[in-house]
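Engineer: Just one file: model_13.pdb, with PDB, C-alpha atoms.
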```pdb
ATOM      1  CA  MET X   1      68.114 145.191 118.018
ATOM      2  CA  LEU X   2      69.627 142.141 116.368
ATOM      3  CA  SER X   3      72.761 142.141 114.272
ATOM      4  CA  ILE X   4      74.647 139.133 112.880
ATOM      5  CA  HIS X   5      78.221 139.221 111.662
ATOM      6  CA  THR X   6      80.868 136.753 110.517
ATOM      7  CA  ALA X   7      83.197 135.951 113.396
ATOM      8  CA  THR X   8      86.763 137.242 113.132
ATOM      9  CA  ARG X   9      89.861 136.785 115.293
ATOM     10  CA  ASP X  10      88.555 139.610 117.488
ATOM     11  CA  ASP X  11      85.532 137.482 118.419
ATOM     12  CA  VAL X  12      87.516 134.539 119.746
ATOM     13  CA  LEU X  13      86.958 135.272 123.434
ATOM     14  CA  THR X  14      83.243 135.841 122.849
ATOM     15  CA  LEU X  15      83.072 132.609 120.875
ATOM     16  CA  LEU X  16      84.876 130.689 123.603
ATOM     17  CA  ALA X  17      82.487 132.026 126.254
ATOM     18  CA  LEU X  18      79.448 131.108 124.122
ATOM     19  CA  ILE X  19      80.774 127.593 123.399
ATOM     20  CA  ARG X  20      81.161 127.058 127.158
ATOM     21  CA  GLU X  21      77.617 128.339 127.749
ATOM     22  CA  LEU X  22      76.319 125.879 125.151
ATOM     23  CA  ALA X  23      78.289 123.043 126.757
ATOM     24  CA  THR X  24      76.779 123.920 130.137
ATOM     25  CA  TYR X  25      73.272 123.950 128.616
ATOM     26  CA  GLU X  26      73.934 120.558 127.013
ATOM     27  CA  LYS X  27      75.229 119.165 130.350
ATOM     28  CA  LYS X  28      78.598 118.560 128.722
ATOM     29  CA  ARG X  29      80.655 121.327 130.296
ATOM     30  CA  HIS X  30      83.333 118.760 131.281
ATOM     31  CA  LYS X  31      83.755 117.861 127.608
ATOM     32  CA  ALA X  32      84.342 121.423 126.425
ATOM     33  CA  VAL X  33      88.122 121.539 126.690
ATOM     34  CA  VAL X  34      88.497 123.967 123.758
ATOM     35  CA  THR X  35      90.839 126.926 124.362
ATOM     36  CA  GLU X  36      91.279 130.390 122.876
ATOM     37  CA  ALA X  37      94.438 129.139 121.120
ATOM     38  CA  ASP X  38      92.500 126.218 119.551
ATOM     39  CA  LEU X  39      89.864 128.567 118.137
ATOM     40  CA  LEU X  40      92.429 131.008 116.780
ATOM     41  CA  ARG X  41      94.430 128.225 115.127
ATOM     42  CA  ASP X  42      91.496 126.261 113.724
ATOM     43  CA  GLY X  43      89.053 129.020 112.848
ATOM     44  CA  PHE X  44      91.139 131.954 111.782
ATOM     45  CA  GLY X  45      94.360 130.621 110.273
ATOM     46  CA  GLN X  46      95.391 129.722 106.724
ATOM     47  CA  ALA X  47      92.949 126.879 106.166
ATOM     48  CA  PRO X  48      90.065 127.356 108.619
ATOM     49  CA  LYS X  49      88.414 124.172 109.841
ATOM     50  CA  PHE X  50      85.187 125.989 110.745
ATOM     51  CA  ARG X  51      83.405 129.314 110.304
ATOM     52  CA  ALA X  52      81.127 131.098 112.742
ATOM     53  CA  LEU X  53      78.473 133.785 112.873
ATOM     54  CA  ILE X  54      78.001 135.882 115.985
ATOM     55  CA  ALA X  55      74.597 137.334 116.886
ATOM     56  CA  GLU X  56      74.430 140.500 118.970
ATOM     57  CA  TRP X  57      71.348 141.869 120.686
ATOM     58  CA  ASP X  58      71.616 145.537 121.566
ATOM     59  CA  ARG X  59      75.336 145.228 120.797
ATOM     60  CA  ALA X  60      75.975 142.504 123.378
ATOM     61  CA  PRO X  61      76.812 138.896 122.386
ATOM     62  CA  ALA X  62      73.595 136.888 122.210
ATOM     63  CA  GLY X  63      74.421 133.684 120.369
ATOM     64  CA  TYR X  64      76.373 132.023 117.610
ATOM     65  CA  ALA X  65      76.376 129.423 114.871
ATOM     66  CA  SER X  66      79.465 127.450 113.827
ATOM     67  CA  PHE X  67      79.655 125.267 110.742
ATOM     68  CA  PHE X  68      81.873 123.649 108.106
ATOM     69  CA  TYR X  69      81.574 121.645 104.891
ATOM     70  CA  PHE X  70      80.298 118.118 104.919
ATOM     71  CA  TYR X  71      80.103 115.853 101.854
ATOM     72  CA  SER X  72      77.317 113.568 100.695
ATOM     73  CA  THR X  73      78.320 110.787  98.333
ATOM     74  CA  PHE X  74      74.676 110.224  97.459
ATOM     75  CA  GLN X  75      74.137 113.858  96.460
ATOM     76  CA  GLY X  76      77.613 114.343  94.980
ATOM     77  CA  ARG X  77      77.612 117.798  96.556
ATOM     78  CA  PRO X  78      78.600 119.335  99.862
ATOM     79  CA  ALA X  79      76.253 120.403 102.624
ATOM     80  CA  LEU X  80      77.045 122.684 105.515
ATOM     81  CA  PHE X  81      77.289 120.855 108.805
ATOM     82  CA  LEU X  82      75.961 123.042 111.594
ATOM     83  CA  GLU X  83      78.163 122.120 114.525
ATOM     84  CA  ASP X  84      76.591 124.559 116.994
ATOM     85  CA  LEU X  85      73.578 126.841 117.117
ATOM     86  CA  PHE X  86      73.061 128.613 120.420
ATOM     87  CA  VAL X  87      71.242 131.613 121.900
ATOM     88  CA  LEU X  88      71.756 132.748 125.480
ATOM     89  CA  ASP X  89      68.886 131.672 127.701
ATOM     90  CA  GLU X  90      67.835 135.185 128.736
ATOM     91  CA  LEU X  91      67.582 136.343 125.114
ATOM     92  CA  ARG X  92      65.431 133.533 123.743
ATOM     93  CA  GLY X  93      62.071 134.324 122.173
ATOM     94  CA  ASN X  94      63.474 137.203 120.100
ATOM     95  CA  GLY X  95      63.896 135.235 116.864
ATOM     96  CA  ILE X  96      67.685 135.192 117.199
ATOM     97  CA  GLY X  97      68.067 131.441 116.658
ATOM     98  CA  LYS X  98      65.888 131.528 113.584
ATOM     99  CA  ALA X  99      67.805 134.497 112.163
ATOM    100  CA  LEU X 100      71.120 132.701 112.764
ATOM    101  CA  LEU X 101      69.845 129.535 111.121
ATOM    102  CA  ALA X 102      68.509 131.526 108.155
ATOM    103  CA  ALA X 103      71.882 133.241 107.753
ATOM    104  CA  VAL X 104      73.635 129.851 107.644
ATOM    105  CA  VAL X 105      71.096 128.538 105.121
ATOM    106  CA  LYS X 106      71.671 131.582 102.950
ATOM    107  CA  LEU X 107      75.421 130.872 102.913
ATOM    108  CA  ALA X 108      74.748 127.206 102.112
ATOM    109  CA  LEU X 109      72.573 128.133  99.121
ATOM    110  CA  ASN X 110      75.047 130.736  97.851
ATOM    111  CA  GLU X 111      77.842 128.180  98.053
ATOM    112  CA  GLY X 112      76.027 125.478  96.096
ATOM    113  CA  CYS X 113      75.344 123.218  99.060
ATOM    114  CA  PHE X 114      72.387 120.860  98.886
ATOM    115  CA  GLY X 115      71.386 121.500 102.462
ATOM    116  CA  LEU X 116      72.242 121.705 106.089
ATOM    117  CA  ARG X 117      73.002 118.817 108.429
ATOM    118  CA  TRP X 118      73.242 118.863 112.193
ATOM    119  CA  GLU X 119      72.534 116.836 115.321
ATOM    120  CA  VAL X 120      70.248 117.540 118.250
ATOM    121  CA  LEU X 121      70.150 115.961 121.714
ATOM    122  CA  ASP X 122      67.103 113.723 122.069
ATOM    123  CA  TRP X 123      66.028 115.390 125.350
ATOM    124  CA  ASN X 124      66.177 118.926 123.965
ATOM    125  CA  ARG X 125      62.434 119.317 123.291
ATOM    126  CA  PRO X 126      62.429 123.095 122.613
ATOM    127  CA  ALA X 127      65.148 122.667 119.974
ATOM    128  CA  ILE X 128      63.427 119.660 118.368
ATOM    129  CA  GLU X 129      60.118 121.553 118.145
ATOM    130  CA  PHE X 130      61.881 124.612 116.747
ATOM    131  CA  TYR X 131      63.505 122.511 114.006
ATOM    132  CA  GLU X 132      60.249 120.662 113.271
ATOM    133  CA  LYS X 133      58.408 123.949 112.712
ATOM    134  CA  LEU X 134      61.069 125.020 110.226
ATOM    135  CA  GLY X 135      60.516 121.886 108.149
ATOM    136  CA  ALA X 136      63.656 119.993 109.176
ATOM    137  CA  THR X 137      63.788 116.256 108.481
ATOM    138  CA  PHE X 138      64.734 113.964 111.363
ATOM    139  CA  LEU X 139      66.877 111.083 110.121
ATOM    140  CA  ASN X 140      65.582 108.790 112.818
ATOM    141  CA  GLU X 141      66.974 105.603 111.330
ATOM    142  CA  ARG X 142      70.538 106.947 111.589
ATOM    143  CA  LYS X 143      72.580 106.084 114.661
ATOM    144  CA  VAL X 144      75.700 108.103 115.409
ATOM    145  CA  VAL X 145      78.790 105.986 116.086
ATOM    146  CA  ALA X 146      82.345 106.868 117.100
ATOM    147  CA  PHE X 147      85.750 105.447 117.907
ATOM    148  CA  ASP X 148      87.440 107.536 120.575
ATOM    149  CA  GLU X 149      91.243 107.687 120.715
ATOM    150  CA  GLY X 150      91.442 104.481 122.734
ATOM    151  CA  ALA X 151      89.273 102.565 120.283
ATOM    152  CA  MET X 152      91.226 103.951 117.323
ATOM    153  CA  ARG X 153      94.510 102.900 118.909
ATOM    154  CA  ARG X 154      93.251  99.389 119.680
ATOM    155  CA  MET X 155      91.972  99.046 116.128
ATOM    156  CA  VAL X 156      95.360 100.082 114.737
ATOM    157  CA  GLU X 157      97.314  97.870 117.138
ATOM    158  CA  THR X 158      95.233  94.767 116.513
ATOM    159  CA  THR X 159      95.564  95.062 112.740
ATOM    160  CA  LYS X 160      98.835  93.803 111.376
ATOM    161  CA  SER X 161      98.674  95.528 107.988
ATOM    162  CA  GLY X 162     101.083  98.342 107.157
ATOM    163  CA  SER X 163      99.895 101.828 106.362
ATOM    164  CA  CYS X 164      98.792 102.364 102.816
TER     165      CYS X 164
ATOM    166  CA  MET D   1      94.479  88.554  98.184
ATOM    167  CA  LEU D   2      93.455  91.889  99.624
ATOM    168  CA  ASN D   3      95.012  95.170  98.600
ATOM    169  CA  ILE D   4      93.876  98.514 100.022
ATOM    170  CA  ARG D   5      95.102 101.742  98.490
ATOM    171  CA  PRO D   6      94.156 105.431  98.305
ATOM    172  CA  ALA D   7      91.715 106.154  95.481
ATOM    173  CA  THR D   8      92.922 108.252  92.544
ATOM    174  CA  LYS D   9      91.123 110.060  89.766
ATOM    175  CA  ASN D  10      91.257 106.849  87.715
ATOM    176  CA  ASP D  11      89.033 105.165  90.281
ATOM    177  CA  ALA D  12      86.169 107.647  89.768
ATOM    178  CA  PRO D  13      84.095 105.286  87.550
ATOM    179  CA  TRP D  14      84.439 102.472  90.104
ATOM    180  CA  LEU D  15      83.802 104.750  93.045
ATOM    181  CA  ARG D  16      80.604 105.879  91.365
ATOM    182  CA  ASN D  17      79.539 102.242  90.879
ATOM    183  CA  LEU D  18      80.391 101.307  94.457
ATOM    184  CA  ILE D  19      78.519 104.334  95.863
ATOM    185  CA  HIS D  20      75.439 103.335  93.871
ATOM    186  CA  GLU D  21      75.763  99.725  95.113
ATOM    187  CA  LEU D  22      75.914 101.012  98.699
ATOM    188  CA  ALA D  23      72.834 103.150  98.046
ATOM    189  CA  ASP D  24      70.999 100.056  96.747
ATOM    190  CA  PHE D  25      71.990  98.149  99.862
ATOM    191  CA  GLU D  26      70.803 101.026 102.084
ATOM    192  CA  ARG D  27      67.527 101.259 100.111
ATOM    193  CA  LEU D  28      68.398 104.847  99.218
ATOM    194  CA  ALA D  29      69.057 104.414  95.494
ATOM    195  CA  HIS D  30      66.291 106.916  94.690
ATOM    196  CA  GLU D  31      68.242 109.603  96.577
ATOM    197  CA  THR D  32      71.545 108.864  94.884
ATOM    198  CA  ILE D  33      72.400 111.136  92.007
ATOM    199  CA  ILE D  34      76.196 111.393  92.228
ATOM    200  CA  THR D  35      78.020 111.207  88.883
ATOM    201  CA  GLU D  36      81.572 110.392  87.854
ATOM    202  CA  GLU D  37      82.121 114.116  87.137
ATOM    203  CA  ASP D  38      81.028 115.009  90.697
ATOM    204  CA  ILE D  39      83.592 112.555  92.078
ATOM    205  CA  VAL D  40      86.444 113.844  89.918
ATOM    206  CA  ARG D  41      85.630 117.481  90.753
ATOM    207  CA  ASP D  42      85.059 117.040  94.498
ATOM    208  CA  GLY D  43      87.561 114.319  95.330
ATOM    209  CA  PHE D  44      90.499 114.866  93.070
ATOM    210  CA  GLY D  45      90.748 118.591  92.348
ATOM    211  CA  ALA D  46      92.847 121.316  93.949
ATOM    212  CA  MET D  47      90.781 121.311  97.167
ATOM    213  CA  PRO D  48      89.434 117.796  97.675
ATOM    214  CA  LYS D  49      86.267 117.590  99.745
ATOM    215  CA  PHE D  50      86.874 113.933 100.626
ATOM    216  CA  ARG D  51      89.442 111.138 100.499
ATOM    217  CA  ALA D  52      88.763 107.504  99.703
ATOM    218  CA  LEU D  53      90.388 104.084  99.978
ATOM    219  CA  ILE D  54      89.672 101.303  97.510
ATOM    220  CA  ALA D  55      89.822  97.654  98.547
ATOM    221  CA  GLU D  56      90.698  95.139  95.852
ATOM    222  CA  TRP D  57      90.340  91.385  96.203
ATOM    223  CA  GLU D  58      92.367  89.444  93.674
ATOM    224  CA  GLY D  59      92.596  92.548  91.524
ATOM    225  CA  GLN D  60      88.853  93.261  91.528
ATOM    226  CA  PRO D  61      87.147  96.242  93.265
ATOM    227  CA  ALA D  62      85.626  94.788  96.432
ATOM    228  CA  GLY D  63      84.787  97.806  98.549
ATOM    229  CA  TYR D  64      85.676 101.314  99.617
ATOM    230  CA  ALA D  65      85.801 103.775 102.476
ATOM    231  CA  LEU D  66      85.272 107.505 102.014
ATOM    232  CA  PHE D  67      85.944 110.149 104.657
ATOM    233  CA  PHE D  68      86.646 113.809 105.385
ATOM    234  CA  GLU D  69      87.424 116.120 108.255
ATOM    235  CA  PHE D  70      84.919 117.584 110.701
ATOM    236  CA  TYR D  71      85.400 119.880 113.666
ATOM    237  CA  SER D  72      84.376 119.659 117.302
ATOM    238  CA  SER D  73      83.971 123.040 118.970
ATOM    239  CA  PHE D  74      83.980 121.367 122.400
ATOM    240  CA  GLN D  75      87.215 119.465 121.743
ATOM    241  CA  GLY D  76      88.829 122.309 119.838
ATOM    242  CA  ARG D  77      90.134 119.654 117.453
ATOM    243  CA  ALA D  78      89.205 118.068 114.171
ATOM    244  CA  GLY D  79      87.943 114.516 113.790
ATOM    245  CA  LEU D  80      87.494 112.291 110.769
ATOM    246  CA  PHE D  81      83.995 111.576 109.542
ATOM    247  CA  LEU D  82      83.578 108.261 107.759
ATOM    248  CA  GLU D  83      80.846 108.994 105.228
ATOM    249  CA  ASP D  84      80.836 105.517 103.666
ATOM    250  CA  ILE D  85      82.289 102.094 104.300
ATOM    251  CA  PHE D  86      81.102  99.317 102.013
ATOM    252  CA  VAL D  87      82.081  95.822 100.937
ATOM    253  CA  ARG D  88      80.270  94.300  97.970
ATOM    254  CA  PRO D  89      78.106  91.327  99.041
ATOM    255  CA  GLN D  90      80.087  88.789  96.978
ATOM    256  CA  TYR D  91      83.312  89.785  98.779
ATOM    257  CA  ARG D  92      82.083  89.653 102.389
ATOM    258  CA  LYS D  93      83.520  87.303 105.036
ATOM    259  CA  HIS D  94      87.115  87.963 103.978
ATOM    260  CA  GLY D  95      87.771  90.607 106.657
ATOM    261  CA  ILE D  96      87.773  93.381 104.053
ATOM    262  CA  GLY D  97      85.474  95.709 106.024
ATOM    263  CA  ARG D  98      87.526  95.338 109.163
ATOM    264  CA  GLU D  99      90.710  96.049 107.233
ATOM    265  CA  LEU D 100      89.200  99.122 105.557
ATOM    266  CA  LEU D 101      88.018 100.452 108.913
ATOM    267  CA  ALA D 102      91.428  99.757 110.451
ATOM    268  CA  GLN D 103      93.144 101.684 107.655
ATOM    269  CA  VAL D 104      90.849 104.689 108.191
ATOM    270  CA  ALA D 105      91.428 104.466 111.965
ATOM    271  CA  ARG D 106      95.169 104.369 111.279
ATOM    272  CA  ILE D 107      94.943 107.536 109.184
ATOM    273  CA  ALA D 108      92.889 109.251 111.909
ATOM    274  CA  TRP D 109      95.350 108.115 114.565
ATOM    275  CA  GLU D 110      98.490 109.081 112.638
ATOM    276  CA  GLU D 111      97.092 112.468 111.595
ATOM    277  CA  ASP D 112      96.107 113.265 115.181
ATOM    278  CA  TYR D 113      92.334 113.443 114.758
ATOM    279  CA  PHE D 114      90.548 113.175 118.108
ATOM    280  CA  CYS D 115      88.026 110.621 116.910
ATOM    281  CA  LEU D 116      86.545 108.742 114.004
ATOM    282  CA  ARG D 117      82.829 109.249 113.659
ATOM    283  CA  TRP D 118      80.179 107.816 111.366
ATOM    284  CA  GLU D 119      76.516 106.838 111.124
ATOM    285  CA  VAL D 120      74.807 103.495 110.729
ATOM    286  CA  LEU D 121      71.214 102.692 109.776
ATOM    287  CA  ASP D 122      69.311 101.314 112.763
ATOM    288  CA  TRP D 123      68.050  98.255 110.820
ATOM    289  CA  ASN D 124      71.553  97.253 109.709
ATOM    290  CA  SER D 125      72.137  94.941 112.650
ATOM    291  CA  MET D 126      75.080  93.175 110.999
ATOM    292  CA  ALA D 127      76.960  96.463 110.742
ATOM    293  CA  ILE D 128      75.943  97.519 114.264
ATOM    294  CA  GLU D 129      77.225  94.234 115.714
ATOM    295  CA  PHE D 130      80.454  94.557 113.692
ATOM    296  CA  TYR D 131      81.103  98.076 115.036
ATOM    297  CA  ARG D 132      80.186  97.109 118.594
ATOM    298  CA  LYS D 133      82.701  94.245 118.612
ATOM    299  CA  LEU D 134      85.412  96.662 117.493
ATOM    300  CA  GLY D 135      84.799  98.938 120.482
ATOM    301  CA  ALA D 136      82.724 101.661 118.818
ATOM    302  CA  GLU D 137      80.576 103.844 121.030
ATOM    303  CA  PHE D 138      76.942 104.498 120.065
ATOM    304  CA  LEU D 139      76.031 108.120 120.759
ATOM    305  CA  ASP D 140      72.353 107.339 121.115
ATOM    306  CA  GLU D 141      71.271 110.676 122.572
ATOM    307  CA  TRP D 142      72.157 112.455 119.314
ATOM    308  CA  LYS D 143      69.569 112.630 116.555
ATOM    309  CA  ALA D 144      70.641 113.444 113.004
ATOM    310  CA  VAL D 145      68.682 116.261 111.387
ATOM    311  CA  CYS D 146      68.755 117.892 107.975
ATOM    312  CA  LEU D 147      67.196 120.789 106.180
ATOM    313  CA  ILE D 148      66.894 120.313 102.426
ATOM    314  CA  GLY D 149      64.754 121.274  99.458
ATOM    315  CA  ASP D 150      61.819 123.653  99.910
ATOM    316  CA  ALA D 151      62.455 124.127 103.641
ATOM    317  CA  LEU D 152      65.759 125.848 102.785
ATOM    318  CA  GLN D 153      64.137 128.361 100.483
ATOM    319  CA  ALA D 154      61.279 128.950 102.907
ATOM    320  CA  LEU D 155      63.656 129.835 105.709
ATOM    321  CA  THR D 156      65.770 132.274 103.697
ATOM    322  CA  ALA D 157      62.699 133.916 102.183
ATOM    323  CA  LYS D 158      61.747 135.040 105.687
ATOM    324  CA  ALA D 159      65.228 136.279 106.581
ATOM    325  CA  LYS D 160      65.991 139.809 105.588
TER     326      LYS D 160
END
```
Write out the structure in this file as structure tokens.

Structural biologist:
Amino acid sequence: MLSIHTATRDDVLTLLALIRELATYEKKRHKAVVTEADLLRDGFGQAPKFRALIAEWDRAPAGYASFFYFYSTFQGRPALFLEDLFVLDELRGNGIGKALLAAVVKLALNEGCFGLRWEVLDWNRPAIEFYEKLGATFLNERKVVAFDEGAMRRMVETTKSGSC
Amino acid sequence: MLNIRPATKNDAPWLRNLIHELADFERLAHETIITEEDIVRDGFGAMPKFRALIAEWEGQPAGYALFFEFYSSFQGRAGLFLEDIFVRPQYRKHGIGRELLAQVARIAWEEDYFCLRWEVLDWNSMAIEFYRKLGAEFLDEWKAVCLIGDALQALTAKAK
């Protein structure tokens, strides 16, 4: 049986384990440096930087969704950005991912968001097909860009202006 | 002369104009419905959903950058997401875009964000070249996805 609940401080170890499982699945385990202390501080303190839902199947952790607000200047309204959506490999095919996604959408609608945004890895065919079937729109003309800490520092150092 | 400063409530009418000019440039004007009231409510209330910088050239609004926080569950840290960076066509070639981006990078750096992230349209080769020269990394394996409109309702209708 499936049950979904809002993650609390008591779920931090479960959440950490699931995040690491997701990172392994995405072949990015080396990038998942998050700790229990990080999740406690950033998810369950005074001003949480993210929220999460935990899915249980027969009372054992089965998956999770984590998300936070995102703003669209074109819409003039927030969306929810779905940072992670993950179901353990052995429990797929039970509708858990869809139920998690629906629960996040329900929150988004209740909170006046115009939609949900997320990113998917281009080689993750099962995920892409899953999202396509649910009517998701792929923003194929958008490229994701980033400055890492090194690039940020170089940008700051090579610009002579003072802070504003 | 260039002056870059944090946007205030008084800039809402100009921010609205600049956002609509960016939307025209990105050929997305038909999707752009933001109003001055939206900007005042969401940017300058008790719990702002974004921050913005305004660039002025000889006292005239020349461009803007608008950004907010996001979170990386793998990093266990927040980053800054640059939603918009725009310089009006008549003010290009003065280094205003670079300066705006540098100011946002400075804020990200000083406030200990782990990265600055944004999106660029794949046909905007001028912007892509500009970012590449500044050392930006293109995360090409990530595809941006959204769920909006009827698809939202359809999904929740099925959920109990």

Engineer: Give as a ChimeraX atom specification every residue of chain D that touches chain X within 7 Å, counting all atoms listed in the file.

Structural biologist: /D:4-5,19,31-35,38-39,49,71,73-76,102-103,105-106,109,114-122,135-148,151-152,155-156,159

Engineer: For CA of Lys27 in chain X and CA of Gly63 in chain X, quote the distance in Å rounded to one decimal.

Structural biologist: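 Those two atoms sit 17.6 Å apart.
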
Engineer: Using the chain letters and numbers from the file, give me the residues hit by the PyMOL selection byres ((chain D and resi 82) around 9), as a list in words.

Structural biologist: Ala65, Leu66, Phe67, Phe68, Glu69, Leu80, Phe81, Glu83, Asp84, Ile85, Val104, Leu116, Arg117, Trp118 and Glu119 of chain D

Engineer: Could you state the separation of CA of Leu28 in chain D and CA of Asn124 in chain D in Å, given to one decimal place?

Structural biologist: 13.3 Å

Engineer: Please measure the separation of CA of Gly43 in chain D and CA of His20 in chain D, giving the value in Å to one decimal.

Structural biologist: 16.4 Å

Engineer: Would you translate the PyMOL selection byres ((chain X and resi 5) around 10) into the concrete set of residues it matches in this file, as number ranges by chain?

Structural biologist: X: 3-4, 6-8, 52-56, 64, 100, 103

Engineer: List the neighbours of range 59-64 of chain D out to 7 Å using all atoms listed in the file; skip same-chain residues closer than 6 positions along the sequence, and give me the result as a ChimeraX atom specification.

Structural biologist: /D:18,52-53,85-88,91

Engineer: Using all atoms listed in the file, which of the listed residues (D:His94, D:Glu36, D:Asn3, D:Leu15) sits closest to Arg51 in chain D?

Structural biologist: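 For Arg51 in chain D, the nearest of the candidates is D:Leu15.
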
Engineer: Of the candidates X:Asp11, X:Tyr25, X:Leu18, X:Leu2, which one gets nearest to Phe44 in chain X if we count all atoms listed in the file?

Structural biologist: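 Counting all atoms listed in the file, the residue closest to Phe44 in chain X is X:Asp11.
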